[in-house]
$ cat final01.csv   # CSV, C-alpha atoms
chain,number,residue,atom,x,y,z
A,1,MET,CA,-7.8,-8.6,7.6
A,2,TRP,CA,-9.5,-11.1,5.4
A,3,LEU,CA,-8.6,-10.4,1.8
A,4,LYS,CA,-9.6,-12.0,-1.5
A,5,VAL,CA,-8.5,-10.7,-4.9
A,6,ASP,CA,-9.5,-12.0,-8.3
A,7,VAL,CA,-8.9,-10.8,-11.8
A,8,GLN,CA,-11.4,-12.6,-14.1
A,9,ALA,CA,-13.3,-12.4,-17.3
A,10,ALA,CA,-16.6,-13.3,-15.7
A,11,PRO,CA,-19.1,-10.7,-14.3
A,12,PHE,CA,-19.4,-10.3,-10.6
A,13,ASP,CA,-22.5,-10.2,-8.4
A,14,LEU,CA,-22.5,-7.5,-5.7
A,15,ALA,CA,-25.0,-9.2,-3.3
A,16,CYS,CA,-23.2,-12.6,-3.5
A,17,GLU,CA,-19.9,-11.0,-2.8
A,18,GLU,CA,-21.2,-9.0,0.1
A,19,SER,CA,-22.6,-12.1,1.7
A,20,ALA,CA,-19.3,-13.9,1.3
A,21,LEU,CA,-17.5,-10.9,2.8
A,22,LEU,CA,-19.8,-10.5,5.8
A,23,ALA,CA,-19.1,-14.1,6.7
A,24,GLN,CA,-15.5,-13.1,7.2
A,25,ALA,CA,-15.7,-9.5,8.3
A,26,GLY,CA,-16.3,-10.0,12.1
A,27,ASP,CA,-18.2,-7.2,13.8
A,28,ALA,CA,-18.2,-4.8,10.8
A,29,GLY,CA,-20.6,-1.9,11.3
A,30,ALA,CA,-19.7,-0.5,7.9
A,31,VAL,CA,-19.3,-2.0,4.5
A,32,VAL,CA,-18.5,0.3,1.6
A,33,ALA,CA,-19.0,-1.0,-1.9
A,34,PHE,CA,-17.6,0.6,-5.0
A,35,VAL,CA,-18.4,-0.6,-8.6
A,36,GLY,CA,-16.6,1.0,-11.5
A,37,ARG,CA,-18.6,0.6,-14.8
A,38,VAL,CA,-17.9,1.1,-18.5
A,39,ARG,CA,-18.9,4.5,-19.8
A,40,ALA,CA,-20.5,4.5,-23.2
A,41,HIS,CA,-19.4,8.0,-24.1
A,42,ASP,CA,-15.9,8.7,-23.1
A,43,ALA,CA,-14.8,9.7,-26.6
A,44,ALA,CA,-16.4,11.6,-29.5
A,45,VAL,CA,-17.5,8.4,-31.1
A,46,PRO,CA,-19.6,6.0,-29.0
A,47,LEU,CA,-17.9,3.0,-27.5
A,48,SER,CA,-18.8,-0.5,-28.7
A,49,ALA,CA,-16.6,-2.3,-26.2
A,50,LEU,CA,-13.9,-1.8,-23.6
A,51,TRP,CA,-11.1,-4.3,-23.7
A,52,LEU,CA,-8.8,-4.8,-20.7
A,53,GLU,CA,-5.6,-6.8,-20.2
A,54,HIS,CA,-3.4,-7.4,-17.2
A,55,PHE,CA,-0.1,-9.0,-16.2
A,56,PRO,CA,-1.2,-12.3,-14.7
A,57,GLY,CA,0.2,-12.9,-11.2
A,58,VAL,CA,1.8,-9.5,-10.9
A,59,THR,CA,-1.5,-7.6,-11.1
A,60,GLU,CA,-3.1,-9.7,-8.3
A,61,ALA,CA,0.0,-9.3,-6.1
A,62,GLU,CA,0.0,-5.5,-6.6
A,63,ILE,CA,-3.7,-5.3,-5.6
A,64,ALA,CA,-3.0,-7.4,-2.5
A,65,ARG,CA,-0.1,-5.2,-1.6
A,66,ILE,CA,-2.2,-2.0,-1.9
A,67,ALA,CA,-5.0,-3.6,0.2
A,68,ALA,CA,-2.4,-4.4,2.9
A,69,LEU,CA,-1.3,-0.8,2.9
A,70,ALA,CA,-4.9,0.3,3.3
A,71,ALA,CA,-5.2,-2.1,6.3
A,72,ASP,CA,-2.1,-0.5,7.8
A,73,ARG,CA,-3.8,2.9,7.8
A,74,TRP,CA,-7.4,2.0,8.8
A,75,PRO,CA,-9.0,-0.8,10.9
A,76,VAL,CA,-10.2,-2.9,7.9
A,77,THR,CA,-11.6,-6.3,8.8
A,78,ALA,CA,-12.3,-7.6,5.3
A,79,CYS,CA,-11.6,-6.6,1.8
A,80,ARG,CA,-12.8,-8.0,-1.5
A,81,VAL,CA,-11.5,-6.9,-4.9
A,82,ILE,CA,-12.6,-8.3,-8.3
A,83,HIS,CA,-11.3,-6.7,-11.5
A,84,ARG,CA,-12.5,-7.9,-14.9
A,85,VAL,CA,-10.4,-8.3,-18.0
A,86,GLY,CA,-11.3,-9.1,-21.7
A,87,ALA,CA,-14.1,-7.5,-23.6
A,88,LEU,CA,-16.7,-5.5,-21.6
A,89,ALA,CA,-19.8,-3.8,-23.0
A,90,PRO,CA,-21.0,-0.3,-22.0
A,91,GLY,CA,-22.7,-0.4,-18.5
A,92,GLU,CA,-20.9,-3.6,-17.4
A,93,GLY,CA,-19.0,-3.6,-14.1
A,94,ILE,CA,-15.2,-3.4,-14.5
A,95,VAL,CA,-14.1,-3.4,-10.8
A,96,LEU,CA,-15.7,-4.2,-7.5
A,97,VAL,CA,-14.2,-3.2,-4.1
A,98,LEU,CA,-15.8,-4.1,-0.8
A,99,MET,CA,-14.3,-2.7,2.3
A,100,ALA,CA,-15.5,-3.7,5.8
A,101,SER,CA,-14.6,-1.9,9.0
A,102,PRO,CA,-16.1,-1.2,12.4
A,103,HIS,CA,-17.0,2.3,11.4
A,104,ARG,CA,-18.0,4.1,8.2
A,105,ALA,CA,-15.2,6.7,8.0
A,106,ALA,CA,-12.5,4.1,7.8
A,107,ALA,CA,-14.4,2.0,5.3
A,108,PHE,CA,-15.0,5.0,3.0
A,109,GLU,CA,-11.4,6.1,3.2
A,110,ALA,CA,-9.9,2.7,2.8
A,111,ALA,CA,-12.0,2.0,-0.3
A,112,ALA,CA,-11.1,5.3,-1.8
A,113,TYR,CA,-7.4,4.8,-1.0
A,114,LEU,CA,-7.4,1.3,-2.6
A,115,MET,CA,-9.1,2.6,-5.8
A,116,ASP,CA,-6.7,5.5,-6.1
A,117,TYR,CA,-3.7,3.2,-5.9
A,118,LEU,CA,-5.2,0.5,-8.0
A,119,LYS,CA,-5.9,3.0,-10.8
A,120,THR,CA,-2.3,4.3,-10.8
A,121,GLU,CA,-0.2,1.2,-9.8
A,122,ALA,CA,-2.0,-2.0,-10.7
A,123,PRO,CA,-1.0,-3.3,-14.1
A,124,PHE,CA,-4.1,-3.1,-16.2
A,125,TRP,CA,-4.4,-1.5,-19.7
A,126,LYS,CA,-7.7,-0.4,-21.4
A,127,ARG,CA,-8.4,-0.3,-25.1
A,128,GLU,CA,-11.5,1.4,-26.4
A,129,ASP,CA,-13.1,-0.2,-29.4
A,130,LEU,CA,-15.3,2.4,-31.0
A,131,ALA,CA,-18.5,2.1,-32.9
A,132,ASP,CA,-16.8,3.3,-36.1
A,133,GLY,CA,-14.5,0.3,-36.1
A,134,SER,CA,-11.4,2.2,-34.8
A,135,HIS,CA,-9.8,1.7,-31.5
A,136,ARG,CA,-7.5,3.6,-29.1
A,137,TRP,CA,-5.5,2.8,-26.0
A,138,VAL,CA,-6.6,4.8,-23.0
A,139,GLU,CA,-4.0,7.1,-21.7
A,140,ALA,CA,-3.1,7.5,-18.0
A,141,ARG,CA,-4.8,10.6,-16.5
A,142,GLN,CA,-3.1,13.3,-14.5
A,143,THR,CA,-6.2,13.5,-12.3
A,144,ASP,CA,-5.7,9.9,-11.2
A,145,GLU,CA,-2.2,10.7,-10.2
A,146,ALA,CA,-3.4,13.7,-8.3
A,147,ALA,CA,-6.0,11.6,-6.5
A,148,ARG,CA,-3.4,9.1,-5.4
A,149,ALA,CA,-0.9,11.8,-4.4
A,150,ARG,CA,-3.3,13.2,-1.8
A,151,TRP,CA,-2.7,10.1,0.4
A,152,GLU,CA,1.0,10.7,0.4
A,153,SER,CA,1.1,14.1,2.1
B,1,MET,CA,19.1,-15.0,-23.0
B,2,ILE,CA,16.3,-13.0,-21.5
B,3,THR,CA,12.6,-13.0,-22.4
B,4,VAL,CA,10.9,-9.6,-22.8
B,5,LEU,CA,7.1,-9.3,-22.4
B,6,TYR,CA,5.3,-6.2,-23.8
B,7,PHE,CA,1.9,-5.0,-22.5
B,8,GLY,CA,-0.9,-2.6,-23.5
B,9,TYR,CA,-0.2,-0.3,-26.5
B,10,LEU,CA,3.4,-1.4,-26.6
B,11,ARG,CA,2.3,-4.7,-28.1
B,12,GLU,CA,0.7,-2.8,-30.9
B,13,ALA,CA,3.3,-0.1,-31.3
B,14,LEU,CA,6.2,-2.7,-31.4
B,15,GLY,CA,4.3,-5.4,-33.3
B,16,ARG,CA,5.0,-8.2,-30.8
B,17,ASN,CA,3.8,-9.7,-27.5
B,18,GLN,CA,7.2,-11.0,-26.5
B,19,GLU,CA,10.7,-11.9,-27.7
B,20,THR,CA,13.9,-13.5,-26.5
B,21,LEU,CA,17.2,-11.6,-26.6
B,22,GLU,CA,20.8,-12.3,-26.1
B,23,TRP,CA,21.7,-10.4,-22.9
B,24,MET,CA,25.0,-9.2,-21.6
B,25,GLY,CA,23.7,-6.0,-20.1
B,26,ASP,CA,23.3,-4.9,-16.6
B,27,ASP,CA,20.0,-3.3,-15.8
B,28,SER,CA,16.6,-2.0,-17.1
B,29,GLU,CA,18.1,1.3,-18.4
B,30,ALA,CA,20.6,-0.7,-20.5
B,31,LEU,CA,17.8,-2.8,-21.9
B,32,LEU,CA,15.6,0.2,-22.7
B,33,ASP,CA,18.6,1.9,-24.4
B,34,LEU,CA,19.2,-1.3,-26.5
B,35,LEU,CA,15.6,-1.4,-27.5
B,36,ARG,CA,15.3,2.3,-28.3
B,37,ALA,CA,18.3,2.0,-30.6
B,38,ARG,CA,16.4,-0.2,-32.9
B,39,GLY,CA,14.8,2.8,-34.6
B,40,PRO,CA,12.5,5.8,-34.3
B,41,ASP,CA,9.4,3.6,-33.7
B,42,TRP,CA,11.1,2.0,-30.8
B,43,ALA,CA,12.6,5.2,-29.4
B,44,GLU,CA,9.2,6.8,-29.5
B,45,ALA,CA,7.2,3.9,-28.0
B,46,LEU,CA,9.7,3.5,-25.2
B,47,ALA,CA,10.5,7.1,-24.6
B,48,PRO,CA,11.3,7.8,-20.9
B,49,GLY,CA,7.8,9.1,-19.9
B,50,LYS,CA,6.1,6.2,-21.6
B,51,VAL,CA,7.5,3.3,-19.6
B,52,PHE,CA,5.8,3.0,-16.2
B,53,ARG,CA,7.8,0.1,-14.8
B,54,VAL,CA,10.1,-2.7,-15.7
B,55,VAL,CA,9.2,-5.9,-13.9
B,56,VAL,CA,11.9,-8.6,-13.6
B,57,ASP,CA,10.8,-12.1,-12.8
B,58,ARG,CA,7.4,-10.8,-11.7
B,59,GLN,CA,8.8,-8.9,-8.7
B,60,VAL,CA,7.6,-5.3,-8.8
B,61,THR,CA,10.2,-2.7,-7.9
B,62,ARG,CA,10.5,1.0,-8.7
B,63,GLY,CA,13.2,2.7,-10.8
B,64,VAL,CA,16.2,1.0,-12.4
B,65,VAL,CA,16.3,-2.7,-11.8
B,66,LYS,CA,19.1,-5.3,-12.3
B,67,ILE,CA,18.4,-7.8,-15.1
B,68,PRO,CA,20.3,-11.2,-14.7
B,69,ASP,CA,20.8,-13.5,-17.6
B,70,GLY,CA,17.8,-15.9,-17.9
B,71,ALA,CA,15.3,-13.3,-16.5
B,72,GLU,CA,11.8,-12.7,-17.7
B,73,VAL,CA,11.3,-8.9,-18.1
B,74,GLY,CA,8.0,-7.2,-18.4
B,75,ILE,CA,7.9,-3.7,-19.9
B,76,LEU,CA,4.8,-1.9,-18.7
B,77,PRO,CA,3.4,1.3,-20.1
B,78,PRO,CA,1.4,3.6,-17.8
B,79,VAL,CA,-1.5,1.7,-16.3
B,80,THR,CA,-5.2,2.5,-16.9
B,81,GLY,CA,-7.2,0.1,-14.9
B,82,GLY,CA,-10.1,0.6,-12.5
$ encode --input "final01.csv" --output "structure tokens"
Amino acid sequence: MWLKVDVQAAPFDLACEESALLAQAGDAGAVVAFVGRVRAHDAAVPLSALWLEHFPGVTEAEIARIAALAADRWPVTACRVIHRVGALAPGEGIVLVLMASPHRAAAFEAAAYLMDYLKTEAPFWKREDLADGSHRWVEARQTDEAARARWES
Amino acid sequence: MITVLYFGYLREALGRNQETLEWMGDDSEALLDLLRARGPDWAEALAPGKVFRVVVDRQVTRGVVKIPDGAEVGILPPVTGG
């Protein structure tokens, strides 16, 4: 599997990243793309910005470890992950996952698996800066834990 | 001496990004007990369900982990990326 992981402040471009992935993906009949975006209304007060931090070095290694686990379960030929950090405005992309495989079922499942593990194991922390000037740290969600747990049965 | 790094809401709750500590303890449980004993704010912020992982020298392991003298120790609250 070809794998590239970046944690960066800069935005990402889906079309550019897909082209780069396809050059490495072999005879991939399926590419699944997932983009996670900043919601404007996750709290009672509108969001002015989402701020993300990570653990440099450790976060990238954890994402690579999760991608390798996905490749153990499904025939993944190429995988690209970009996760942004710093201040993000509502609507901006937070995370991009591209998963290439010979067939669609594997690409869909491997992308979902990677996201479910990324959300519950990769060291990122989100702070919501609200329009009224207050802020709050986002708390881990039980639903994310449940989504990950379904892969462990 | 060890260097302790704090992340996420812990930086705010504990009022610091990192610190260095004299260390003669054994593992991550001993370190968390030492920190919790600093007072109610610390005990609350580092309560058992609120620490996701303790990462020693940037090697991720689960559960209780040995901490040698000279180590860099990251204390990670539950993660919220994606």
$ closest_residue --input "final01.csv" --among "B:Gly25, B:Pro68, B:Gly49, B:Gly15" --to "chain A" --atoms "all atoms listed in the file"
B:Gly49
$ closest_atom_pairs --input "final01.csv" --of "chain B" --to "chain A" --cutoff "7 Å" --atoms "all atoms listed in the file" --output "Markdown table"
| residue | atom | partner | partner_atom | distance |
| --- | --- | --- | --- | --- |
| B:Gly8 | CA | A:Trp125 | CA | 5.3 |
| B:Tyr9 | CA | A:Trp137 | CA | 6.2 |
| B:Arg58 | CA | A:Val58 | CA | 5.8 |
| B:Pro78 | CA | A:Ala140 | CA | 6.0 |
| B:Val79 | CA | A:Phe124 | CA | 5.5 |
| B:Thr80 | CA | A:Trp125 | CA | 4.9 |
| B:Gly81 | CA | A:Phe124 | CA | 4.6 |
| B:Gly82 | CA | A:Lys119 | CA | 5.1 |
$ write_last_selection --input "final01.csv" --atoms "C-alpha atoms" --output "PDB file, in the coordinates of the input"
ATOM      1  CA  GLY B   8      -0.900  -2.600 -23.500  1.00  0.00           C
ATOM      2  CA  TYR B   9      -0.200  -0.300 -26.500  1.00  0.00           C
ATOM      3  CA  ARG B  58       7.400 -10.800 -11.700  1.00  0.00           C
ATOM      4  CA  PRO B  78       1.400   3.600 -17.800  1.00  0.00           C
ATOM      5  CA  VAL B  79      -1.500   1.700 -16.300  1.00  0.00           C
ATOM      6  CA  THR B  80      -5.200   2.500 -16.900  1.00  0.00           C
ATOM      7  CA  GLY B  81      -7.200   0.100 -14.900  1.00  0.00           C
ATOM      8  CA  GLY B  82     -10.100   0.600 -12.500  1.00  0.00           C
TER       9      GLY B  82
END
$ residues_around --input "final01.csv" --residues "Ile67 of chain B" --least-positions-apart "4" --cutoff "10 Å" --atoms "only C-alpha atoms" --output "ChimeraX atom specification"
/B:2,23-31,54-57,71-73
$ atom_distance --input "final01.csv" --atom1 "atom CA of Ala64 of chain A" --atom2 "atom CA of Lys4 of chain A"
8.1 Å
$ residues_near_point --input "final01.csv" --point "(11.1, -14.8, -31.0)" --cutoff "12 Å" --atoms "all atoms listed in the file" --output "list in words"
Met1, Ile2, Thr3, Val4, Leu5, Gly15, Arg16, Asn17, Gln18, Glu19, Thr20, Leu21 and Glu22 of chain B
$ atom_distance --input "final01.csv" --atom1 "atom CA of Ala43 of chain B" --atom2 "atom CA of Leu50 of chain A"
28.0 Å
$ atom_distance --input "final01.csv" --atom1 "atom CA of Pro46 of chain A" --atom2 "atom CA of Val7 of chain A"
26.3 Å
$ residues_around --input "final01.csv" --residues "segment 68-81 of chain A" --least-positions-apart "3" --cutoff "6 Å" --atoms "all atoms listed in the file" --output "PyMOL selection string"
chain A and resi 1-5+25+65+96-101+106+110
$ write_last_selection --input "final01.csv" --atoms "C-alpha atoms" --output "PDB file, keeping the file's coordinate frame"
ATOM      1  CA  MET A   1      -7.800  -8.600   7.600  1.00  0.00           C
ATOM      2  CA  TRP A   2      -9.500 -11.100   5.400  1.00  0.00           C
ATOM      3  CA  LEU A   3      -8.600 -10.400   1.800  1.00  0.00           C
ATOM      4  CA  LYS A   4      -9.600 -12.000  -1.500  1.00  0.00           C
ATOM      5  CA  VAL A   5      -8.500 -10.700  -4.900  1.00  0.00           C
ATOM      6  CA  ALA A  25     -15.700  -9.500   8.300  1.00  0.00           C
ATOM      7  CA  ARG A  65      -0.100  -5.200  -1.600  1.00  0.00           C
ATOM      8  CA  LEU A  96     -15.700  -4.200  -7.500  1.00  0.00           C
ATOM      9  CA  VAL A  97     -14.200  -3.200  -4.100  1.00  0.00           C
ATOM     10  CA  LEU A  98     -15.800  -4.100  -0.800  1.00  0.00           C
ATOM     11  CA  MET A  99     -14.300  -2.700   2.300  1.00  0.00           C
ATOM     12  CA  ALA A 100     -15.500  -3.700   5.800  1.00  0.00           C
ATOM     13  CA  SER A 101     -14.600  -1.900   9.000  1.00  0.00           C
ATOM     14  CA  ALA A 106     -12.500   4.100   7.800  1.00  0.00           C
ATOM     15  CA  ALA A 110      -9.900   2.700   2.800  1.00  0.00           C
TER      16      ALA A 110
END
